[in-house]
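Visitor: You'll find target_32.cif just under this line, and it carries mmCIF, C-alpha atoms.
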data_protein
loop_
_atom_site.label_atom_id
_atom_site.label_comp_id
_atom_site.auth_asym_id
_atom_site.auth_seq_id
_atom_site.Cartn_x
_atom_site.Cartn_y
_atom_site.Cartn_z
CA MET A 1 -26.53 17.30 -33.13
CA LEU A 2 -23.38 15.31 -32.34
CA GLU A 3 -22.35 17.94 -29.78
CA GLN A 4 -25.77 17.73 -28.15
CA LEU A 5 -25.47 13.92 -27.84
CA LYS A 6 -22.03 14.30 -26.26
CA ARG A 7 -23.36 16.82 -23.73
CA GLU A 8 -26.31 14.59 -22.85
CA ALA A 9 -24.04 11.57 -22.43
CA HIS A 10 -21.71 13.63 -20.26
CA VAL A 11 -24.57 14.93 -18.09
CA GLY A 12 -25.99 11.40 -17.74
CA SER A 13 -22.69 10.02 -16.43
CA LEU A 14 -22.04 12.83 -13.91
CA PRO A 15 -24.13 11.35 -11.05
CA LYS A 16 -22.28 8.04 -11.36
CA PHE A 17 -18.86 9.74 -11.30
CA ARG A 18 -19.91 12.04 -8.47
CA LYS A 19 -21.00 9.07 -6.35
CA GLU A 20 -17.74 7.22 -7.07
CA ALA A 21 -15.73 10.31 -6.17
CA GLN A 22 -17.65 10.75 -2.92
CA GLU A 23 -17.08 7.11 -1.96
CA GLU A 24 -13.39 7.42 -2.77
CA LEU A 25 -13.07 10.58 -0.66
CA ILE A 26 -14.86 8.93 2.27
CA GLU A 27 -12.60 5.89 2.02
CA GLU A 28 -9.54 8.14 1.86
CA ARG A 29 -10.62 10.08 4.95
CA LEU A 30 -11.21 6.84 6.87
CA LYS A 31 -7.73 5.65 5.93
CA VAL A 32 -6.19 8.92 7.12
CA GLN A 33 -8.14 8.70 10.39
CA GLU A 34 -6.89 5.16 11.00
CA ALA A 35 -3.32 6.24 10.25
CA LYS A 36 -3.63 9.15 12.70
CA ARG A 37 -5.07 6.81 15.32
CA LEU A 38 -1.91 4.71 14.97
CA GLY A 39 0.29 7.81 15.17
CA ILE A 40 1.25 7.75 11.50
CA GLU A 41 1.68 11.12 9.86
CA ILE A 42 3.25 11.76 6.49
CA SER A 43 5.18 14.99 6.14
CA GLU A 44 4.36 17.60 3.57
CA ASP A 45 7.95 17.26 2.31
CA GLU A 46 7.40 13.61 1.36
CA ALA A 47 4.36 14.46 -0.75
CA LYS A 48 6.20 17.42 -2.35
CA ARG A 49 9.14 15.12 -3.17
CA VAL A 50 6.83 12.73 -5.03
CA ILE A 51 5.17 15.54 -6.95
CA LYS A 52 8.59 16.93 -7.86
CA GLY A 53 9.56 13.46 -9.12
CA ILE A 54 6.44 13.26 -11.28
CA ALA A 55 7.08 16.73 -12.65
CA ASP A 56 10.72 15.84 -13.39
CA ARG A 57 9.72 12.65 -15.23
CA ASN A 58 7.35 14.71 -17.34
CA LYS A 59 10.10 17.27 -18.02
CA MET A 60 8.25 20.03 -16.18
CA THR A 61 8.96 22.26 -13.25
CA GLU A 62 6.73 21.87 -10.21
CA GLU A 63 4.96 25.08 -11.14
CA GLN A 64 4.35 23.87 -14.70
CA PHE A 65 3.04 20.56 -13.38
CA ALA A 66 0.71 22.38 -10.95
CA GLN A 67 -0.56 24.53 -13.81
CA HIS A 68 -1.05 21.44 -15.99
CA LEU A 69 -3.12 19.80 -13.24
CA LYS A 70 -5.10 22.99 -12.71
CA SER A 71 -5.98 23.09 -16.41
CA GLY A 72 -7.44 19.61 -15.94
CA GLY A 73 -9.48 20.74 -12.94
CA VAL A 74 -7.19 19.30 -10.24
CA ASP A 75 -5.57 21.43 -7.57
CA ILE A 76 -1.99 20.49 -6.61
CA SER A 77 -2.93 20.57 -2.90
CA THR A 78 -5.55 17.89 -3.58
CA MET A 79 -2.91 15.73 -5.22
CA ARG A 80 -0.54 16.28 -2.27
CA ALA A 81 -3.30 15.26 0.14
CA ARG A 82 -4.00 12.11 -1.90
CA PHE A 83 -0.35 11.11 -1.84
CA LYS A 84 -0.14 11.69 1.90
CA ALA A 85 -3.23 9.53 2.41
CA GLN A 86 -1.83 6.76 0.21
CA PHE A 87 1.54 6.78 1.99
CA ALA A 88 -0.12 6.79 5.40
CA TRP A 89 -2.36 3.86 4.47
CA ARG A 90 0.61 1.92 3.06
CA GLU A 91 2.35 2.40 6.42
CA VAL A 92 -0.77 1.19 8.27
CA VAL A 93 -0.83 -1.95 6.13
CA ARG A 94 2.92 -2.46 6.57
CA ARG A 95 2.64 -2.22 10.35
CA ARG A 96 -0.27 -4.62 10.46
CA GLY A 97 1.62 -7.06 8.27
CA GLN A 98 4.66 -6.86 10.53
CA ALA A 99 2.50 -7.82 13.48
CA LEU A 100 1.50 -11.00 11.67
CA VAL A 101 5.05 -12.14 11.09
CA ALA A 102 6.78 -10.61 14.09
CA ILE A 103 9.37 -12.93 15.59
CA ASN A 104 10.91 -12.00 18.89
CA GLN A 105 14.27 -12.98 20.36
CA ARG A 106 12.70 -15.57 22.66
CA ASP A 107 11.19 -17.41 19.66
CA VAL A 108 14.60 -17.55 17.97
CA GLU A 109 16.31 -18.81 21.12
CA GLN A 110 13.69 -21.53 21.64
CA LEU A 111 14.05 -22.69 18.04
CA LEU A 112 17.84 -22.76 18.32
CA THR A 113 17.71 -24.73 21.54
CA ALA A 114 15.24 -27.25 20.12
CA SER A 115 17.25 -27.63 16.91
CA ALA A 116 20.47 -28.15 18.84
CA ARG A 117 18.85 -30.85 20.99
CA GLU A 118 17.48 -32.65 17.91
CA ALA A 119 20.83 -32.57 16.16
CA GLY A 120 22.75 -33.44 19.31
CA GLU A 121 25.08 -30.54 18.60
CA ASP A 122 26.26 -27.53 20.52
CA THR A 123 25.98 -25.18 17.56
CA VAL A 124 23.26 -24.59 15.03
CA GLU A 125 23.44 -22.77 11.72
CA LEU A 126 20.41 -20.60 11.16
CA GLN A 127 19.38 -19.06 7.86
CA VAL A 128 16.76 -16.38 8.17
CA GLN A 129 14.51 -15.98 5.16
CA LYS A 130 11.89 -13.38 4.50
CA ILE A 131 8.94 -13.60 2.15
CA THR A 132 7.57 -10.30 0.86
CA LEU A 133 4.21 -10.07 -0.86
CA LEU A 134 4.39 -7.08 -3.18
CA MET A 135 1.59 -4.56 -3.33
CA PRO A 136 1.12 -2.19 -6.26
CA ALA A 137 1.22 1.49 -5.38
CA LYS A 138 -2.37 1.91 -6.54
CA THR A 139 -4.46 -0.74 -4.84
CA ASP A 140 -7.98 -1.09 -3.57
CA GLN A 141 -9.39 -2.66 -0.42
CA SER A 142 -10.34 -5.92 -2.12
CA PHE A 143 -6.78 -6.47 -3.38
CA MET A 144 -5.34 -5.71 0.07
CA ALA A 145 -7.80 -8.11 1.65
CA MET A 146 -6.79 -10.79 -0.86
CA ARG A 147 -3.07 -10.25 -0.06
CA TYR A 148 -3.83 -10.37 3.66
CA VAL A 149 -5.60 -13.73 3.20
CA GLU A 150 -2.62 -15.02 1.16
CA ALA A 151 -0.16 -13.94 3.87
CA ASP A 152 -2.25 -15.57 6.57
CA ALA A 153 -2.48 -18.79 4.54
CA MET A 154 1.31 -18.81 4.17
CA ARG A 155 1.74 -18.24 7.89
CA ARG A 156 -0.49 -21.24 8.58
CA LYS A 157 1.47 -23.41 6.12
CA PHE A 158 4.78 -22.55 7.80
CA GLY A 159 6.18 -25.76 9.21
CA GLY A 160 9.70 -24.66 10.01
CA CYS A 161 12.76 -23.60 8.07
CA ASN A 162 12.54 -26.56 5.72
CA THR A 163 9.23 -25.30 4.31
CA MET A 164 10.43 -21.75 3.58
CA SER A 165 11.74 -22.39 0.06
CA GLY A 166 8.42 -23.92 -0.99
CA LEU A 167 6.49 -21.03 0.55
CA ALA A 168 8.76 -18.51 -1.19
CA ARG A 169 8.28 -20.30 -4.50
CA ASP A 170 4.50 -20.28 -4.04
CA ALA A 171 4.61 -16.56 -3.17
CA SER A 172 6.60 -15.69 -6.28
CA GLU A 173 4.10 -17.53 -8.50
CA SER A 174 1.14 -15.55 -7.18
#
Show me this structure written as structure tokens.
Guide:
Amino acid sequence: MLEQLKREAHVGSLPKFRKEAQEELIEERLKVQEAKRLGIEISEDEAKRVIKGIADRNKMTEEQFAQHLKSGGVDISTMRARFKAQFAWREVVRRRGQALVAINQRDVEQLLTASAREAGEDTVELQVQKITLLMPAKTDQSFMAMRYVEADAMRRKFGGCNTMSGLARDASES
């Protein structure tokens, strides 16, 4: 009787899991399409390197790891494709983030000139600081959207070099 209850519970949850898996696959394909549109392609070697690292950490050969996955119903090529999609999407996000904080040479020169005029000096010391908002390797769209909003809020708060330490402190607390 207990086995029958387990089977019924398992069968009842299958549609939910199937729908979640379909949505995840659709989202993954959309991410890969966007990466391709931007000219981002992840090599097969990169995905193989990650799988080899996972196998090594689990004290297995790549073949043993592939067999272990297969026994759980997962094909190694599926895992490779997932890693490639994740890496490609991470690169898309990185490129978009760079566009938000891109500073060109003209901006630096204008700031130096303005600072020199204010100080009445011929030379200016410039310290360049960078704020990095970390993203976990496994993240969903809502978390990325939240980080994007945080980065944009920081960009709006930027009031010059004097405000950087406060912005960095705020970033490290979040």
Visitor: By how many Å are atom CA of A:Asp107 and atom CA of A:Lys157 apart?
Guide: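 Computed distance, atom CA of A:Asp107 to atom CA of A:Lys157, equals 17.7 Å.
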Visitor: Any idea what the distance is between atom CA of A:Lys36 and atom CA of A:Phe87?
Guide: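 Computing the Euclidean distance for atom CA of A:Lys36 and atom CA of A:Phe87 yields 12.1 Å.
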Visitor: Please work out which residues fall within 12 Å of (-1.7, 14.4, -9.1), coordinates as given in the file, with only C-alpha atoms counting, and return them as a list in words.
Guide: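 These residues have at least one counted atom within 12 Å: Ala47, Lys48, Val50, Ile51, Lys52, Gly53, Ile54, Ala55, Glu62, Phe65, Ala66, Gln67, His68, Leu69, Lys70, Gly72, Gly73, Val74, Asp75, Ile76, Ser77, Thr78, Met79, Arg80, Ala81, Arg82, Phe83 and Lys84 of chain A.
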Visitor: For atom CA of A:Asp45 and atom CA of A:Met144, quote the distance in Å rounded to one decimal.
Guide: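 Computing the Euclidean distance for atom CA of A:Asp45 and atom CA of A:Met144 yields 26.6 Å.
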Visitor: Which is closest to A:Glu28 among A:Asp170, A:Asp152, A:Asp140, A:Glu63, if we use all atoms listed in the file?
Guide: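 Once distances to A:Glu28 are computed over all atoms listed in the file, the minimum belongs to A:Asp140.
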